[in-house]
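Peer 1: Encoded as structure tokens, here's the structure I'll be asking about.
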Amino acid sequence: MRASFIVHEIGIGLRRNLIMTLAMVITTAVSLGFLGTAVLFNQQVSVMKDFWYDKVEVSVFLCGDDSEGASCAAGEVTQDQRESIRADLDSMPEVERIYYESKQKAYSRFKEQFKNSAIVDNVTADQMPESFRVKLVDPEQFPIIASAFIGRAGVDEVQDQKALLEKFFKVLKWVQWFAFGLAMLMVVVSVILIVNTIRVAAFSRRRETGIMKLVGASSFSIQLPFLLEGAIAGFLGAALATGAFVLIKSVLVDQILEPNFPITRFITWSDVWLSSAIVFVIGVALAAIASFLTLMKYLRV
Amino acid sequence: MIRLQNVTKLYPTQTRPALKDVTVEIGKGEFVFLVGQSGSGKSTFLRLVLKEERATSGQVFVAGKDLARLSSWKVPALRRQVGTVFQDFRLLNNKTVTENVAFALEVIGRPRTQIAKVVPEVLDLVGLKGKENRRPDELSGGEQQRVAIARAFVNRPMILIADEPTGNLDPQTSVGIMRLLDRINRTGTTVVMATHDDDIVDQMRKRVIELEAGRVVRDQSRGVYGYSH
């Protein structure tokens, strides 16, 4: 069939069924919006993970005067112990770099953190623990460091900041799954609506399709206009959903979240285009598949 | 052109076969009336030729092809060689006469220049010159049937199947339609027409195949309608 003829027939079909078409486009937009937002959320979580995991350190606290751990029974860490711990950390392939935080440095950092609080006045530099701040090549490798240094003479305690983050990300994981589940449910709803709309369209045009069969049009050319109607609805739905993603990025992320939460990084435009591409592919494919399955049943030669 | 060999057709929900051991051969360029009471199997005969139904047993050949062995994607090619006309015209009321006829060519992908050339020719042939831009509901029954015939014939099929084409028309209009079908038959097109119209059959003196309860009870060249109803 000629393209202009197909376009003409699709126009007739969409207009005749305007309200259902509208419902189909809106439902598709909403469900794809959910899906894409879930993708964006997923991207955001992974951006945060990258950003924070990159910053986390393992702290190897050294024994002070008042440390109570068994490895600190001998009292404050000695110069020899300190140097051998540093040398051992340096020689481990898992360690990217280390830096030493003296009591004095720990104290000034503490003062900076709690500068508005009276607690600073009750603390002296001598009470602060000295430590090695260790940056790992791969933050997952904490257990290796832990087993090498926990209990060693002169080491009070080994702390992994990542453990704290992990609890947070575990909660986020549940939120992610919930969002995806909801999105999938919406996608199912829109597929059902597309199936029904195409079925109504096929019924209301049974005269045309009956004639097409009689004069020897191929199944494909009979089904194509319906298929494309579904695909156009999927396309429009994806376009509306993309509009929503652009709003989320330019208003919610860029103007509200980013200025107020400098502690983390946020999704970039390339993440937005990625989820837009995903919803376009899924939207058009779902609509086309749904219409094709419907037509297999109702428009056979 | 059409050959049925020991064809029996049993619909799943019925116990009595619609056609029973029917053997008929219709040659190229013949004009055949298919007569018989309602339920005698005329429509089933036509549906088998169009491959809208499959024979339960026996073979159906149309234009040299065994329909039982014809894969479904080749059915459209078969139907392009078989034009069809019905009692209820089956026109599209939202399209003009020209568009209705052109539709048949558009949906099988004919180029626009060819459509622009042959549609006026066939409308002239069926006597609808000057009514090209009317819509079906602005035409008389006879004129609507002429549009349907034009649509069936515009692709120059080898066979034209007409299922009670004069069933909704008055006798005078029917005569006009029969003249048209006769003219189409003279171009070499095989015409198979199922009908109840005894006057027409008696006037035309063409081959008559009579069905009764699914069996061929008469096959007569230059026949008459032959029974009262």
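Residues in the structure tokens are numbered from 1 in each chain, the chains being A, B, ... in the order shown, and ligands are numbered from 1 in the order shown.
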Can you pull out the residues contacting stretch 26-29 of chain B? Cut-off 12 Å, using only C-alpha atoms, and skip same-chain residues under 6 positions away; I want them as number ranges by chain.
Peer 2: B: 1-5, 49, 60-64, 157-160, 182-192, 206-209, 219, 221
Peer 1: Run DSSP on the backbone of this structure and report the residues of chain B it assigns to strand (DSSP E), as number ranges by chain.
Peer 2: B: 2-9, 19-26, 31-35, 57-62, 65-66, 82-86, 159-163, 190-194, 207-212, 215-220
Peer 1: I'd like to know which of B:Lys74, B:Arg54, B:Arg151, B:Arg69 is closest to B:Ala104, using only C-alpha atoms.
Peer 2: B:Arg151
Peer 1: Within 7 Å of chain A, which residues belong to chain B? Use only C-alpha atoms and report them as a list of chain:residue names.
Peer 2: B:Pro76, B:Ala77, B:Arg79, B:Arg80, B:Gly83, B:Ala104, B:Glu106, B:Val107, B:Ile108, B:Gly109
Peer 1: Please list as a list in words every residue within 10 Å of A:Met128, counting only C-alpha atoms and excluding residues in the same chain fewer than 2 positions away.
Peer 2: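 Selected residues are Gly64, Asp65, Ser102, Lys103, Gln104, Lys105, Ala106, Tyr107, Ser108, Phe110, Val123, Thr124, Ala125, Asp126, Glu130 and Ser131 of chain A.
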Peer 1: Which neighbours of B:Ser57 fall inside 7 Å, counting only C-alpha atoms, when residues of the same chain fewer than 4 positions from it are skipped, and could you give them as a list in words?
Peer 2: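 Here the answer would be Val7, Thr8 and Lys9 of chain B.
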Peer 1: Let me make sure I understand: among B:Ile149, B:Val32, B:Asn155, B:Gln114, which one has the smallest atom-to-atom distance to B:Val224 if we use only C-alpha atoms?
Peer 2: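 Of B:Ile149, B:Val32, B:Asn155, B:Gln114, the one nearest B:Val224 is B:Val32, counting only C-alpha atoms.
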Peer 1: Hey, what's within 12 Å of B:Val119 if we count only C-alpha atoms and toss same-chain stuff fewer than 4 positions away? As JSON, numbers by chain, please?
Peer 2: {"B": [97, 98, 99, 100, 101, 102, 103, 104, 105, 106, 110, 112, 113, 114, 115, 123, 124, 125, 126, 128, 129, 132, 147, 150, 151, 152, 153, 154, 155, 156]}
Peer 1: For a test of reading the model, state the distance in Å between atom CA of B:Val217 and atom CA of B:Met193, rounded to one decimal.
Peer 2: 17.1 Å
Peer 1: Would you list, as an NGL selection string, the residues of stretch 41-290 of chain A that end up in helix (DSSP H, G or I) under DSSP run on this structure's backbone?
Peer 2: :A and (41-55 or 70-72 or 79-91 or 103-113 or 118-122 or 125-127 or 139-149 or 161-204 or 206-214 or 219-260 or 269-290)
Peer 1: Pick out the residues sitting within 9 Å of stretch 35-46 of chain B, and hand them over as an NGL selection string; count only C-alpha atoms, and ignore anything fewer than 3 positions along from it in its own chain.
Peer 2: :B and (9 or 17-19 or 49-53 or 161-163 or 192-198 or 201 or 208-215 or 225 or 227 or 229)
